[in-house]
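Shown here: entry_2.pdb, PDB, C-alpha atoms, pLDDT in the B column.
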ATOM      1  CA  SER O  90    -112.576 -62.716  22.424  1.00 81.00           C
ATOM      2  CA  GLN O  91    -112.795 -66.476  22.716  1.00 85.00           C
ATOM      3  CA  THR O  92    -114.395 -68.266  25.648  1.00 91.00           C
ATOM      4  CA  ILE O  93    -114.609 -71.929  26.505  1.00 96.00           C
ATOM      5  CA  HIS O  94    -117.301 -73.372  28.754  1.00 97.00           C
ATOM      6  CA  GLN O  95    -117.623 -76.741  30.412  1.00 98.00           C
ATOM      7  CA  TRP O  96    -120.467 -78.208  32.391  1.00 96.00           C
ATOM      8  CA  PRO O  97    -121.215 -79.447  34.808  1.00 96.00           C
ATOM      9  CA  ALA O  98    -118.442 -78.188  37.077  1.00 96.00           C
ATOM     10  CA  THR O  99    -118.760 -81.141  39.431  1.00 97.00           C
ATOM     11  CA  LEU O 100    -120.455 -84.502  39.044  1.00 97.00           C
ATOM     12  CA  VAL O 101    -120.884 -87.508  41.336  1.00 98.00           C
ATOM     13  CA  GLN O 102    -122.082 -90.626  39.582  1.00 97.00           C
ATOM     14  CA  PRO O 103    -122.537 -94.283  40.580  1.00 98.00           C
ATOM     15  CA  VAL O 104    -120.558 -97.032  38.882  1.00 98.00           C
ATOM     16  CA  GLY O 105    -122.355 -98.278  35.800  1.00 97.00           C
ATOM     17  CA  SER O 106    -124.260 -95.066  35.155  1.00 98.00           C
ATOM     18  CA  PRO O 107    -123.971 -93.099  31.877  1.00 97.00           C
ATOM     19  CA  LEU O 108    -121.970 -89.904  31.455  1.00 97.00           C
ATOM     20  CA  SER O 109    -122.274 -86.824  29.314  1.00 97.00           C
ATOM     21  CA  LEU O 110    -119.905 -83.863  29.673  1.00 98.00           C
ATOM     22  CA  GLU O 111    -120.289 -80.880  27.417  1.00 98.00           C
ATOM     23  CA  CYS O 112    -117.851 -78.295  26.146  1.00 98.00           C
ATOM     24  CA  THR O 113    -118.615 -75.258  24.007  1.00 97.00           C
ATOM     25  CA  VAL O 114    -116.368 -72.603  22.547  1.00 96.00           C
ATOM     26  CA  GLU O 115    -117.395 -69.063  21.655  1.00 95.00           C
ATOM     27  CA  GLY O 116    -115.709 -66.467  19.498  1.00 91.00           C
ATOM     28  CA  THR O 117    -113.954 -68.709  16.984  1.00 89.00           C
ATOM     29  CA  SER O 118    -114.887 -71.003  14.138  1.00 88.00           C
ATOM     30  CA  ASN O 119    -113.663 -74.451  13.110  1.00 90.00           C
ATOM     31  CA  PRO O 120    -111.430 -74.902  16.147  1.00 92.00           C
ATOM     32  CA  ASN O 121    -109.498 -78.034  16.982  1.00 92.00           C
ATOM     33  CA  LEU O 122    -111.088 -79.433  20.137  1.00 95.00           C
ATOM     34  CA  TYR O 123    -109.568 -81.695  22.766  1.00 96.00           C
ATOM     35  CA  TRP O 124    -110.598 -83.748  25.819  1.00 97.00           C
ATOM     36  CA  TYR O 125    -108.022 -84.419  28.531  1.00 96.00           C
ATOM     37  CA  ARG O 126    -108.271 -86.321  31.789  1.00 95.00           C
ATOM     38  CA  GLN O 127    -106.198 -85.477  34.828  1.00 94.00           C
ATOM     39  CA  ALA O 128    -106.000 -87.908  37.745  1.00 86.00           C
ATOM     40  CA  ALA O 129    -105.403 -86.389  41.173  1.00 82.00           C
ATOM     41  CA  GLY O 130    -101.912 -84.892  41.337  1.00 79.00           C
ATOM     42  CA  ARG O 131    -101.050 -86.169  37.886  1.00 83.00           C
ATOM     43  CA  GLY O 132    -100.411 -84.835  34.387  1.00 90.00           C
ATOM     44  CA  LEU O 133    -102.655 -84.299  31.380  1.00 94.00           C
ATOM     45  CA  GLN O 134    -103.761 -87.377  29.463  1.00 92.00           C
ATOM     46  CA  LEU O 135    -105.132 -86.655  25.990  1.00 93.00           C
ATOM     47  CA  LEU O 136    -108.300 -88.686  25.416  1.00 95.00           C
ATOM     48  CA  PHE O 137    -109.768 -87.383  22.145  1.00 95.00           C
ATOM     49  CA  TYR O 138    -109.270 -84.618  19.645  1.00 93.00           C
ATOM     50  CA  SER O 139    -111.369 -83.338  16.778  1.00 94.00           C
ATOM     51  CA  VAL O 140    -110.450 -81.223  13.760  1.00 91.00           C
ATOM     52  CA  GLY O 141    -114.017 -80.813  12.514  1.00 92.00           C
ATOM     53  CA  ILE O 142    -117.672 -81.778  12.876  1.00 94.00           C
ATOM     54  CA  GLY O 143    -118.017 -85.540  13.149  1.00 92.00           C
ATOM     55  CA  GLN O 144    -114.233 -86.073  13.053  1.00 93.00           C
ATOM     56  CA  ILE O 145    -112.943 -87.711  16.231  1.00 94.00           C
ATOM     57  CA  SER O 146    -109.535 -89.206  16.931  1.00 92.00           C
ATOM     58  CA  SER O 147    -109.094 -91.416  19.976  1.00 90.00           C
ATOM     59  CA  GLU O 148    -105.808 -91.491  21.824  1.00 87.00           C
ATOM     60  CA  VAL O 149    -106.530 -94.019  24.544  1.00 83.00           C
ATOM     61  CA  PRO O 150    -108.794 -97.065  24.196  1.00 67.00           C
ATOM     62  CA  GLN O 151    -111.346 -97.061  26.990  1.00 80.00           C
ATOM     63  CA  ASN O 152    -115.041 -96.999  27.731  1.00 90.00           C
ATOM     64  CA  LEU O 153    -115.312 -93.312  26.877  1.00 95.00           C
ATOM     65  CA  SER O 154    -116.368 -91.814  23.559  1.00 96.00           C
ATOM     66  CA  ALA O 155    -116.515 -88.320  22.125  1.00 97.00           C
ATOM     67  CA  SER O 156    -118.731 -86.595  19.621  1.00 97.00           C
ATOM     68  CA  ARG O 157    -118.777 -83.244  17.872  1.00 97.00           C
ATOM     69  CA  PRO O 158    -122.308 -82.565  16.705  1.00 96.00           C
ATOM     70  CA  GLN O 159    -121.665 -78.873  16.013  1.00 96.00           C
ATOM     71  CA  ASP O 160    -118.613 -76.830  15.079  1.00 95.00           C
ATOM     72  CA  ARG O 161    -118.029 -75.468  18.563  1.00 95.00           C
ATOM     73  CA  GLN O 162    -119.513 -78.256  20.684  1.00 97.00           C
ATOM     74  CA  PHE O 163    -117.596 -81.236  21.984  1.00 98.00           C
ATOM     75  CA  ILE O 164    -119.194 -83.959  24.108  1.00 98.00           C
ATOM     76  CA  LEU O 165    -117.565 -86.678  26.187  1.00 97.00           C
ATOM     77  CA  SER O 166    -119.731 -89.707  26.932  1.00 97.00           C
ATOM     78  CA  SER O 167    -119.789 -93.104  28.538  1.00 96.00           C
ATOM     79  CA  LYS O 168    -122.475 -95.761  28.585  1.00 96.00           C
ATOM     80  CA  LYS O 169    -121.276 -97.298  31.862  1.00 96.00           C
ATOM     81  CA  LEU O 170    -118.879 -95.520  34.189  1.00 96.00           C
ATOM     82  CA  LEU O 171    -116.042 -97.315  35.973  1.00 95.00           C
ATOM     83  CA  LEU O 172    -114.390 -96.306  39.244  1.00 95.00           C
ATOM     84  CA  SER O 173    -111.237 -95.578  37.246  1.00 93.00           C
ATOM     85  CA  ASP O 174    -113.108 -92.912  35.265  1.00 94.00           C
ATOM     86  CA  SER O 175    -112.916 -90.565  38.248  1.00 95.00           C
ATOM     87  CA  GLY O 176    -110.792 -87.510  37.576  1.00 95.00           C
ATOM     88  CA  PHE O 177    -110.691 -83.942  36.366  1.00 97.00           C
ATOM     89  CA  TYR O 178    -111.824 -83.600  32.750  1.00 97.00           C
ATOM     90  CA  LEU O 179    -110.547 -80.695  30.726  1.00 98.00           C
ATOM     91  CA  CYS O 180    -111.712 -79.486  27.372  1.00 98.00           C
ATOM     92  CA  ALA O 181    -109.374 -77.366  25.264  1.00 97.00           C
ATOM     93  CA  TRP O 182    -109.414 -75.602  21.924  1.00 94.00           C
ATOM     94  CA  ARG O 183    -106.847 -74.443  19.418  1.00 92.00           C
ATOM     95  CA  GLY O 184    -107.231 -72.556  16.157  1.00 85.00           C
ATOM     96  CA  ALA O 185    -107.432 -74.829  13.128  1.00 74.00           C
ATOM     97  CA  GLY O 186    -105.008 -74.951  10.237  1.00 61.00           C
ATOM     98  CA  GLY O 187    -102.101 -73.473  12.115  1.00 54.00           C
ATOM     99  CA  ARG O 188    -103.571 -70.009  12.471  1.00 57.00           C
ATOM    100  CA  GLU O 189    -103.275 -70.250  16.245  1.00 66.00           C
ATOM    101  CA  GLU O 190    -100.632 -72.263  18.050  1.00 81.00           C
ATOM    102  CA  THR O 191    -101.799 -71.904  21.609  1.00 89.00           C
ATOM    103  CA  GLN O 192    -104.132 -74.393  23.233  1.00 92.00           C
ATOM    104  CA  TYR O 193    -106.627 -72.883  25.682  1.00 94.00           C
ATOM    105  CA  PHE O 194    -108.266 -74.863  28.439  1.00 97.00           C
ATOM    106  CA  GLY O 195    -111.721 -74.715  29.937  1.00 97.00           C
ATOM    107  CA  PRO O 196    -112.448 -74.613  33.680  1.00 97.00           C
ATOM    108  CA  GLY O 197    -112.790 -78.407  33.925  1.00 97.00           C
ATOM    109  CA  THR O 198    -115.327 -80.899  35.267  1.00 97.00           C
ATOM    110  CA  ARG O 199    -114.527 -82.866  38.387  1.00 97.00           C
ATOM    111  CA  LEU O 200    -116.040 -86.358  38.133  1.00 97.00           C
ATOM    112  CA  LEU O 201    -116.266 -88.703  41.073  1.00 97.00           C
ATOM    113  CA  VAL O 202    -117.485 -92.232  40.391  1.00 97.00           C
ATOM    114  CA  LEU O 203    -118.645 -94.108  43.490  1.00 97.00           C
TER     115      LEU O 203
ATOM    116  CA  GLY R 247     -93.312 -90.703  19.442  1.00 71.00           C
ATOM    117  CA  GLU R 248     -93.064 -87.163  20.661  1.00 83.00           C
ATOM    118  CA  ASN R 249     -92.122 -86.771  24.289  1.00 91.00           C
ATOM    119  CA  VAL R 250     -91.573 -83.900  26.700  1.00 96.00           C
ATOM    120  CA  GLU R 251     -89.721 -84.556  29.950  1.00 97.00           C
ATOM    121  CA  GLN R 252     -90.084 -82.097  32.805  1.00 97.00           C
ATOM    122  CA  HIS R 253     -87.989 -81.718  35.983  1.00 97.00           C
ATOM    123  CA  PRO R 254     -88.288 -81.488  38.890  1.00 97.00           C
ATOM    124  CA  SER R 255     -91.667 -82.993  39.729  1.00 96.00           C
ATOM    125  CA  THR R 256     -91.790 -81.004  42.967  1.00 97.00           C
ATOM    126  CA  LEU R 257     -90.005 -77.783  43.851  1.00 98.00           C
ATOM    127  CA  SER R 258     -90.080 -75.955  47.156  1.00 98.00           C
ATOM    128  CA  VAL R 259     -88.571 -72.469  47.486  1.00 98.00           C
ATOM    129  CA  GLN R 260     -88.589 -69.674  50.017  1.00 98.00           C
ATOM    130  CA  GLU R 261     -90.539 -66.549  49.171  1.00 98.00           C
ATOM    131  CA  GLY R 262     -88.305 -64.157  47.278  1.00 98.00           C
ATOM    132  CA  ASP R 263     -86.040 -66.887  45.886  1.00 98.00           C
ATOM    133  CA  SER R 264     -85.948 -67.929  42.238  1.00 98.00           C
ATOM    134  CA  ALA R 265     -87.478 -71.096  40.795  1.00 98.00           C
ATOM    135  CA  VAL R 266     -86.330 -72.910  37.669  1.00 98.00           C
ATOM    136  CA  ILE R 267     -88.197 -75.673  35.859  1.00 98.00           C
ATOM    137  CA  LYS R 268     -86.549 -77.526  32.984  1.00 98.00           C
ATOM    138  CA  CYS R 269     -87.990 -79.447  30.031  1.00 98.00           C
ATOM    139  CA  THR R 270     -86.553 -81.410  27.151  1.00 97.00           C
ATOM    140  CA  TYR R 271     -88.382 -82.408  23.968  1.00 96.00           C
ATOM    141  CA  SER R 272     -87.756 -85.140  21.463  1.00 93.00           C
ATOM    142  CA  ASP R 273     -89.355 -83.906  18.206  1.00 90.00           C
ATOM    143  CA  SER R 274     -86.957 -81.598  16.379  1.00 89.00           C
ATOM    144  CA  ALA R 275     -89.925 -80.292  14.348  1.00 88.00           C
ATOM    145  CA  SER R 276     -91.358 -78.627  17.466  1.00 91.00           C
ATOM    146  CA  ASN R 277     -91.258 -74.874  17.133  1.00 90.00           C
ATOM    147  CA  TYR R 278     -93.650 -73.552  19.759  1.00 92.00           C
ATOM    148  CA  PHE R 279     -93.206 -73.960  23.506  1.00 95.00           C
ATOM    149  CA  PRO R 280     -95.917 -72.721  25.894  1.00 95.00           C
ATOM    150  CA  TRP R 281     -95.919 -72.836  29.680  1.00 98.00           C
ATOM    151  CA  TYR R 282     -99.094 -73.230  31.713  1.00 98.00           C
ATOM    152  CA  LYS R 283     -99.919 -72.595  35.354  1.00 98.00           C
ATOM    153  CA  GLN R 284    -102.644 -74.665  36.965  1.00 97.00           C
ATOM    154  CA  GLU R 285    -104.100 -73.610  40.277  1.00 96.00           C
ATOM    155  CA  LEU R 286    -106.014 -76.062  42.407  1.00 93.00           C
ATOM    156  CA  GLY R 287    -109.343 -77.022  40.893  1.00 93.00           C
ATOM    157  CA  LYS R 288    -108.881 -74.915  37.757  1.00 95.00           C
ATOM    158  CA  GLY R 289    -107.897 -75.451  34.166  1.00 97.00           C
ATOM    159  CA  PRO R 290    -104.304 -74.697  33.098  1.00 97.00           C
ATOM    160  CA  GLN R 291    -103.715 -71.098  32.034  1.00 97.00           C
ATOM    161  CA  LEU R 292    -101.057 -69.952  29.584  1.00 96.00           C
ATOM    162  CA  ILE R 293     -98.466 -67.783  31.329  1.00 97.00           C
ATOM    163  CA  ILE R 294     -95.736 -67.409  28.711  1.00 97.00           C
ATOM    164  CA  ASP R 295     -94.671 -68.972  25.438  1.00 95.00           C
ATOM    165  CA  ILE R 296     -91.668 -68.937  23.133  1.00 94.00           C
ATOM    166  CA  ARG R 297     -91.167 -69.714  19.486  1.00 90.00           C
ATOM    167  CA  SER R 298     -88.181 -71.437  18.005  1.00 86.00           C
ATOM    168  CA  ASN R 299     -86.765 -68.313  16.388  1.00 86.00           C
ATOM    169  CA  VAL R 300     -86.246 -66.721  19.801  1.00 85.00           C
ATOM    170  CA  GLY R 301     -83.775 -67.743  22.506  1.00 91.00           C
ATOM    171  CA  GLU R 302     -85.286 -65.943  25.464  1.00 95.00           C
ATOM    172  CA  LYS R 303     -88.477 -64.144  26.402  1.00 95.00           C
ATOM    173  CA  LYS R 304     -89.355 -62.183  29.524  1.00 97.00           C
ATOM    174  CA  ASP R 305     -92.598 -61.021  31.081  1.00 95.00           C
ATOM    175  CA  GLN R 306     -92.079 -59.252  34.406  1.00 96.00           C
ATOM    176  CA  ARG R 307     -90.923 -61.939  36.883  1.00 97.00           C
ATOM    177  CA  ILE R 308     -91.237 -64.778  34.420  1.00 98.00           C
ATOM    178  CA  ALA R 309     -88.740 -65.719  31.717  1.00 98.00           C
ATOM    179  CA  VAL R 310     -88.340 -68.646  29.375  1.00 98.00           C
ATOM    180  CA  THR R 311     -85.177 -69.748  27.598  1.00 97.00           C
ATOM    181  CA  LEU R 312     -84.861 -72.112  24.646  1.00 96.00           C
ATOM    182  CA  ASN R 313     -81.870 -74.075  23.406  1.00 95.00           C
ATOM    183  CA  LYS R 314     -82.902 -75.625  20.083  1.00 93.00           C
ATOM    184  CA  THR R 315     -79.628 -77.455  19.601  1.00 93.00           C
ATOM    185  CA  ALA R 316     -79.960 -79.268  22.910  1.00 94.00           C
ATOM    186  CA  LYS R 317     -83.766 -79.417  22.601  1.00 95.00           C
ATOM    187  CA  HIS R 318     -84.431 -78.043  26.025  1.00 95.00           C
ATOM    188  CA  PHE R 319     -86.267 -75.056  27.434  1.00 97.00           C
ATOM    189  CA  SER R 320     -86.668 -73.648  30.926  1.00 98.00           C
ATOM    190  CA  LEU R 321     -89.015 -71.485  32.954  1.00 98.00           C
ATOM    191  CA  HIS R 322     -87.496 -69.008  35.384  1.00 98.00           C
ATOM    192  CA  ILE R 323     -89.564 -67.285  38.066  1.00 98.00           C
ATOM    193  CA  THR R 324     -87.769 -64.597  40.055  1.00 98.00           C
ATOM    194  CA  GLU R 325     -88.798 -63.041  43.367  1.00 98.00           C
ATOM    195  CA  THR R 326     -91.285 -65.813  43.996  1.00 98.00           C
ATOM    196  CA  GLN R 327     -94.465 -65.073  45.919  1.00 97.00           C
ATOM    197  CA  PRO R 328     -96.900 -67.421  47.703  1.00 96.00           C
ATOM    198  CA  GLU R 329     -99.403 -66.918  44.870  1.00 97.00           C
ATOM    199  CA  ASP R 330     -96.899 -68.514  42.496  1.00 98.00           C
ATOM    200  CA  SER R 331     -97.618 -71.834  44.229  1.00 98.00           C
ATOM    201  CA  ALA R 332     -99.270 -74.056  41.608  1.00 97.00           C
ATOM    202  CA  VAL R 333     -98.561 -76.830  39.133  1.00 97.00           C
ATOM    203  CA  TYR R 334     -96.630 -75.730  36.056  1.00 98.00           C
ATOM    204  CA  PHE R 335     -96.697 -77.594  32.730  1.00 97.00           C
ATOM    205  CA  CYS R 336     -94.330 -77.155  29.837  1.00 97.00           C
ATOM    206  CA  ALA R 337     -95.411 -78.188  26.354  1.00 96.00           C
ATOM    207  CA  ALA R 338     -94.206 -78.453  22.775  1.00 94.00           C
ATOM    208  CA  SER R 339     -96.011 -78.335  19.469  1.00 89.00           C
ATOM    209  CA  PHE R 340     -95.321 -77.485  15.837  1.00 80.00           C
ATOM    210  CA  PHE R 341     -96.937 -75.203  13.309  1.00 69.00           C
ATOM    211  CA  ARG R 342    -100.034 -76.803  11.767  1.00 68.00           C
ATOM    212  CA  GLY R 343     -99.744 -79.786  14.082  1.00 72.00           C
ATOM    213  CA  PHE R 344    -102.827 -81.165  15.786  1.00 80.00           C
ATOM    214  CA  LYS R 345    -101.373 -82.049  19.139  1.00 85.00           C
ATOM    215  CA  THR R 346     -99.565 -80.272  21.920  1.00 90.00           C
ATOM    216  CA  ILE R 347     -97.307 -82.559  23.955  1.00 92.00           C
ATOM    217  CA  PHE R 348     -97.239 -81.762  27.661  1.00 95.00           C
ATOM    218  CA  GLY R 349     -94.675 -82.461  30.331  1.00 96.00           C
ATOM    219  CA  ALA R 350     -95.753 -84.283  33.484  1.00 96.00           C
ATOM    220  CA  GLY R 351     -95.904 -81.085  35.535  1.00 96.00           C
ATOM    221  CA  THR R 352     -93.993 -79.486  38.391  1.00 97.00           C
ATOM    222  CA  ARG R 353     -95.666 -78.720  41.689  1.00 97.00           C
ATOM    223  CA  LEU R 354     -94.166 -75.483  42.998  1.00 98.00           C
ATOM    224  CA  PHE R 355     -94.482 -74.563  46.668  1.00 98.00           C
ATOM    225  CA  VAL R 356     -93.480 -71.058  47.717  1.00 98.00           C
ATOM    226  CA  LYS R 357     -93.057 -70.843  51.477  1.00 96.00           C
ATOM    227  CA  ALA R 358     -93.821 -67.508  53.103  1.00 91.00           C
TER     228      ALA R 358
END

Could I get this structure in the form of structure tokens?
Amino acid sequence: SQTIHQWPATLVQPVGSPLSLECTVEGTSNPNLYWYRQAAGRGLQLLFYSVGIGQISSEVPQNLSASRPQDRQFILSSKKLLLSDSGFYLCAWRGAGGREETQYFGPGTRLLVL
Amino acid sequence: GENVEQHPSTLSVQEGDSAVIKCTYSDSASNYFPWYKQELGKGPQLIIDIRSNVGEKKDQRIAVTLNKTAKHFSLHITETQPEDSAVYFCAASFFRGFKTIFGAGTRLFVKA
């Protein structure tokens, strides 16, 4: 069966510091991968998605970036965090090429920027 | 672009009552409609889904209905329990599409 991992679970960072959040998926190959951000009490904002290694599509211009160095690894980064970057970050996967319609979410990383 | 509207944003019911959450979608190409439940501090979990060739689907106390002509679908929870309290998201996507479009969410409170 497929499993999705995110770490760290919680992170407190000062403004201006760098960020690296990692997501890995097990039990599937060539998945579509997604990064979402969720502000407190709000909905899901799609930040990036990837259909393959090195292929990243950005949905919202901001100081965040994403990379996919391996098939089942998705990384969210920032060189300098802003207060507004605080939130709950969710990674998700979906089977590529239409073989799986459902999107599955990871446990999330709660980021607090002070 | 594609859009999914979800109502209400907040719903409070008494334990044992029914809860209904409604969504409308804009893209007529959408053919898959999942519902997710998100508990506090956790990632959303799929609870039920429906495909466009089906009008209704049930799983114990949960049911989903789809009206393709009107482009709306609903989640029905019967005999609600306190553990049903959570945020519920509806969503729409289409076969071989890259993105799933989510509604804004409904916060359900079930009062004991």

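Nearest residue to Ala309 of chain R, choosing from R:Ser276, R:Val266, R:Val333, R:Gly351 and counting only C-alpha atoms: R:Val266.
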
Shell around Gly132 of chain O at 9 Å using all atoms listed in the file, local window under 6 positions removed, as number ranges by chain:
O: 126; R: 335, 348-351

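Straight-line separation from atom CA of Leu354 of chain R to atom CA of Gly130 of chain O: 12.3 Å.
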
Within 10 Å of chain R, which residues of chain O come that close, and what is the closest atom pair and distance in Å for each? Count all atoms listed in the file and give it as JSON lines.
{"residue": "O:Ala98", "atom": "CA", "partner": "R:Gly287", "partner_atom": "CA", "distance": 9.9}
{"residue": "O:Asn121", "atom": "CA", "partner": "R:Phe344", "partner_atom": "CA", "distance": 7.5}
{"residue": "O:Leu122", "atom": "CA", "partner": "R:Phe344", "partner_atom": "CA", "distance": 9.5}
{"residue": "O:Tyr123", "atom": "CA", "partner": "R:Lys345", "partner_atom": "CA", "distance": 9.0}
{"residue": "O:Gly130", "atom": "CA", "partner": "R:Arg353", "partner_atom": "CA", "distance": 8.8}
{"residue": "O:Arg131", "atom": "CA", "partner": "R:Ala350", "partner_atom": "CA", "distance": 7.1}
{"residue": "O:Gly132", "atom": "CA", "partner": "R:Ala350", "partner_atom": "CA", "distance": 4.8}
{"residue": "O:Leu133", "atom": "CA", "partner": "R:Phe348", "partner_atom": "CA", "distance": 7.0}
{"residue": "O:Gln134", "atom": "CA", "partner": "R:Phe348", "partner_atom": "CA", "distance": 8.8}
{"residue": "O:Leu135", "atom": "CA", "partner": "R:Ile347", "partner_atom": "CA", "distance": 9.1}
{"residue": "O:Tyr138", "atom": "CA", "partner": "R:Phe344", "partner_atom": "CA", "distance": 8.3}
{"residue": "O:Ser139", "atom": "CA", "partner": "R:Phe344", "partner_atom": "CA", "distance": 8.9}
{"residue": "O:Val140", "atom": "CA", "partner": "R:Phe344", "partner_atom": "CA", "distance": 7.9}
{"residue": "O:Phe177", "atom": "CA", "partner": "R:Gly287", "partner_atom": "CA", "distance": 8.4}
{"residue": "O:Tyr178", "atom": "CA", "partner": "R:Gly289", "partner_atom": "CA", "distance": 9.2}
{"residue": "O:Leu179", "atom": "CA", "partner": "R:Gly289", "partner_atom": "CA", "distance": 6.8}
{"residue": "O:Cys180", "atom": "CA", "partner": "R:Gly289", "partner_atom": "CA", "distance": 8.8}
{"residue": "O:Ala181", "atom": "CA", "partner": "R:Gly289", "partner_atom": "CA", "distance": 9.2}
{"residue": "O:Arg183", "atom": "CA", "partner": "R:Phe344", "partner_atom": "CA", "distance": 8.6}
{"residue": "O:Gly184", "atom": "CA", "partner": "R:Arg342", "partner_atom": "CA", "distance": 9.4}
{"residue": "O:Ala185", "atom": "CA", "partner": "R:Arg342", "partner_atom": "CA", "distance": 7.8}
{"residue": "O:Gly186", "atom": "CA", "partner": "R:Arg342", "partner_atom": "CA", "distance": 5.5}
{"residue": "O:Gly187", "atom": "CA", "partner": "R:Arg342", "partner_atom": "CA", "distance": 3.9}
{"residue": "O:Arg188", "atom": "CA", "partner": "R:Arg342", "partner_atom": "CA", "distance": 7.7}
{"residue": "O:Glu189", "atom": "CA", "partner": "R:Phe341", "partner_atom": "CA", "distance": 8.6}
{"residue": "O:Glu190", "atom": "CA", "partner": "R:Phe341", "partner_atom": "CA", "distance": 6.7}
{"residue": "O:Thr191", "atom": "CA", "partner": "R:Pro280", "partner_atom": "CA", "distance": 7.3}
{"residue": "O:Gln192", "atom": "CA", "partner": "R:Thr346", "partner_atom": "CA", "distance": 7.6}
{"residue": "O:Tyr193", "atom": "CA", "partner": "R:Gln291", "partner_atom": "CA", "distance": 7.2}
{"residue": "O:Phe194", "atom": "CA", "partner": "R:Gly289", "partner_atom": "CA", "distance": 5.8}
{"residue": "O:Gly195", "atom": "CA", "partner": "R:Gly289", "partner_atom": "CA", "distance": 5.7}
{"residue": "O:Pro196", "atom": "CA", "partner": "R:Gly289", "partner_atom": "CA", "distance": 4.7}
{"residue": "O:Gly197", "atom": "CA", "partner": "R:Gly289", "partner_atom": "CA", "distance": 5.7}
{"residue": "O:Thr198", "atom": "CA", "partner": "R:Gly287", "partner_atom": "CA", "distance": 9.1}
{"residue": "O:Arg199", "atom": "CA", "partner": "R:Gly287", "partner_atom": "CA", "distance": 8.2}

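If you look at atom CA of Ser156 of chain O and atom CA of Gln144 of chain O, they are 8.0 Å away from each other.
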
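In this model, the gap between atom CA of Ala338 of chain R and atom CA of Gln159 of chain O comes to 28.3 Å.
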
Chain and number of each residue from the PyMOL selection byres ((chain R and resi 312) around 12), as a PyMOL selection string:
chain R and resi 268-271+276-280+295-304+309-311+313-322+336+338

Near-Leu153 of chain O list (8 Å; all atoms listed in the file; drop same-chain fewer than 4 positions) as a PDB file with C-alpha atoms, in the frame of the given file:
ATOM      1  CA  LEU O 165    -117.565 -86.678  26.187  1.00 97.00           C
ATOM      2  CA  SER O 166    -119.731 -89.707  26.932  1.00 97.00           C
ATOM      3  CA  SER O 167    -119.789 -93.104  28.538  1.00 96.00           C
ATOM      4  CA  LYS O 168    -122.475 -95.761  28.585  1.00 96.00           C
TER       5      LYS O 168
END

Pick the closest to Gln284 of chain R from R:Val259, R:Ala332, R:Ala337, R:Ala358: which is it, counting all atoms listed in the file?
R:Ala332

Around the point (-121.2, -77.1, 26.2) in the file's coordinates, collect all residues with an atom within 8 Å, using all atoms listed in the file, and return them as a PDB file with C-alpha atoms, in the coordinates of the input.
ATOM      1  CA  HIS O  94    -117.301 -73.372  28.754  1.00 97.00           C
ATOM      2  CA  GLN O  95    -117.623 -76.741  30.412  1.00 98.00           C
ATOM      3  CA  TRP O  96    -120.467 -78.208  32.391  1.00 96.00           C
ATOM      4  CA  LEU O 110    -119.905 -83.863  29.673  1.00 98.00           C
ATOM      5  CA  GLU O 111    -120.289 -80.880  27.417  1.00 98.00           C
ATOM      6  CA  CYS O 112    -117.851 -78.295  26.146  1.00 98.00           C
ATOM      7  CA  THR O 113    -118.615 -75.258  24.007  1.00 97.00           C
ATOM      8  CA  VAL O 114    -116.368 -72.603  22.547  1.00 96.00           C
ATOM      9  CA  GLN O 162    -119.513 -78.256  20.684  1.00 97.00           C
ATOM     10  CA  PHE O 163    -117.596 -81.236  21.984  1.00 98.00           C
ATOM     11  CA  ILE O 164    -119.194 -83.959  24.108  1.00 98.00           C
TER      12      ILE O 164
END

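For the file at hand, the PyMOL selection byres ((chain R and resi 356) around 7) resolves to Ser258, Val259, Gln260, Glu261, Thr326, Gln327, Pro328, Asp330, Ser331, Leu354, Phe355, Lys357 and Ala358 of chain R.
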
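When all atoms listed in the file are used to compute distances to Leu172 of chain O, the closest of the residues O:Gly105, O:Gly141, O:Pro120, O:Pro97 turns out to be O:Gly105.
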
Please identify all polymer residues within 8 Å of Gly176 of chain O, counting all atoms listed in the file, omitting same-chain residues fewer than 6 positions from it, and present them as a PDB file with C-alpha atoms, in the coordinates of the input.
ATOM      1  CA  ARG O 126    -108.271 -86.321  31.789  1.00 95.00           C
ATOM      2  CA  GLN O 127    -106.198 -85.477  34.828  1.00 94.00           C
ATOM      3  CA  ALA O 128    -106.000 -87.908  37.745  1.00 86.00           C
ATOM      4  CA  ALA O 129    -105.403 -86.389  41.173  1.00 82.00           C
ATOM      5  CA  ARG O 199    -114.527 -82.866  38.387  1.00 97.00           C
ATOM      6  CA  LEU O 200    -116.040 -86.358  38.133  1.00 97.00           C
ATOM      7  CA  LEU O 201    -116.266 -88.703  41.073  1.00 97.00           C
TER       8      LEU O 201
END

Once 6 Å is added on each side, what centre and edge lengths in Å to one decimal does the axis-aligned box around all listed atoms of segment 94-110 of chain O have, as lines of an AutoDock Vina configuration file?
center_x = -120.8
center_y = -85.8
center_z = 35.0
size_x = 19.0
size_y = 36.9
size_z = 24.6

So that I can see what lies close to Ser90 of chain O, please list as number ranges by chain the residues with an atom at most 9 Å from it, counting all atoms listed in the file and leaving out residues fewer than 4 positions away in the same chain.
O: 115-117
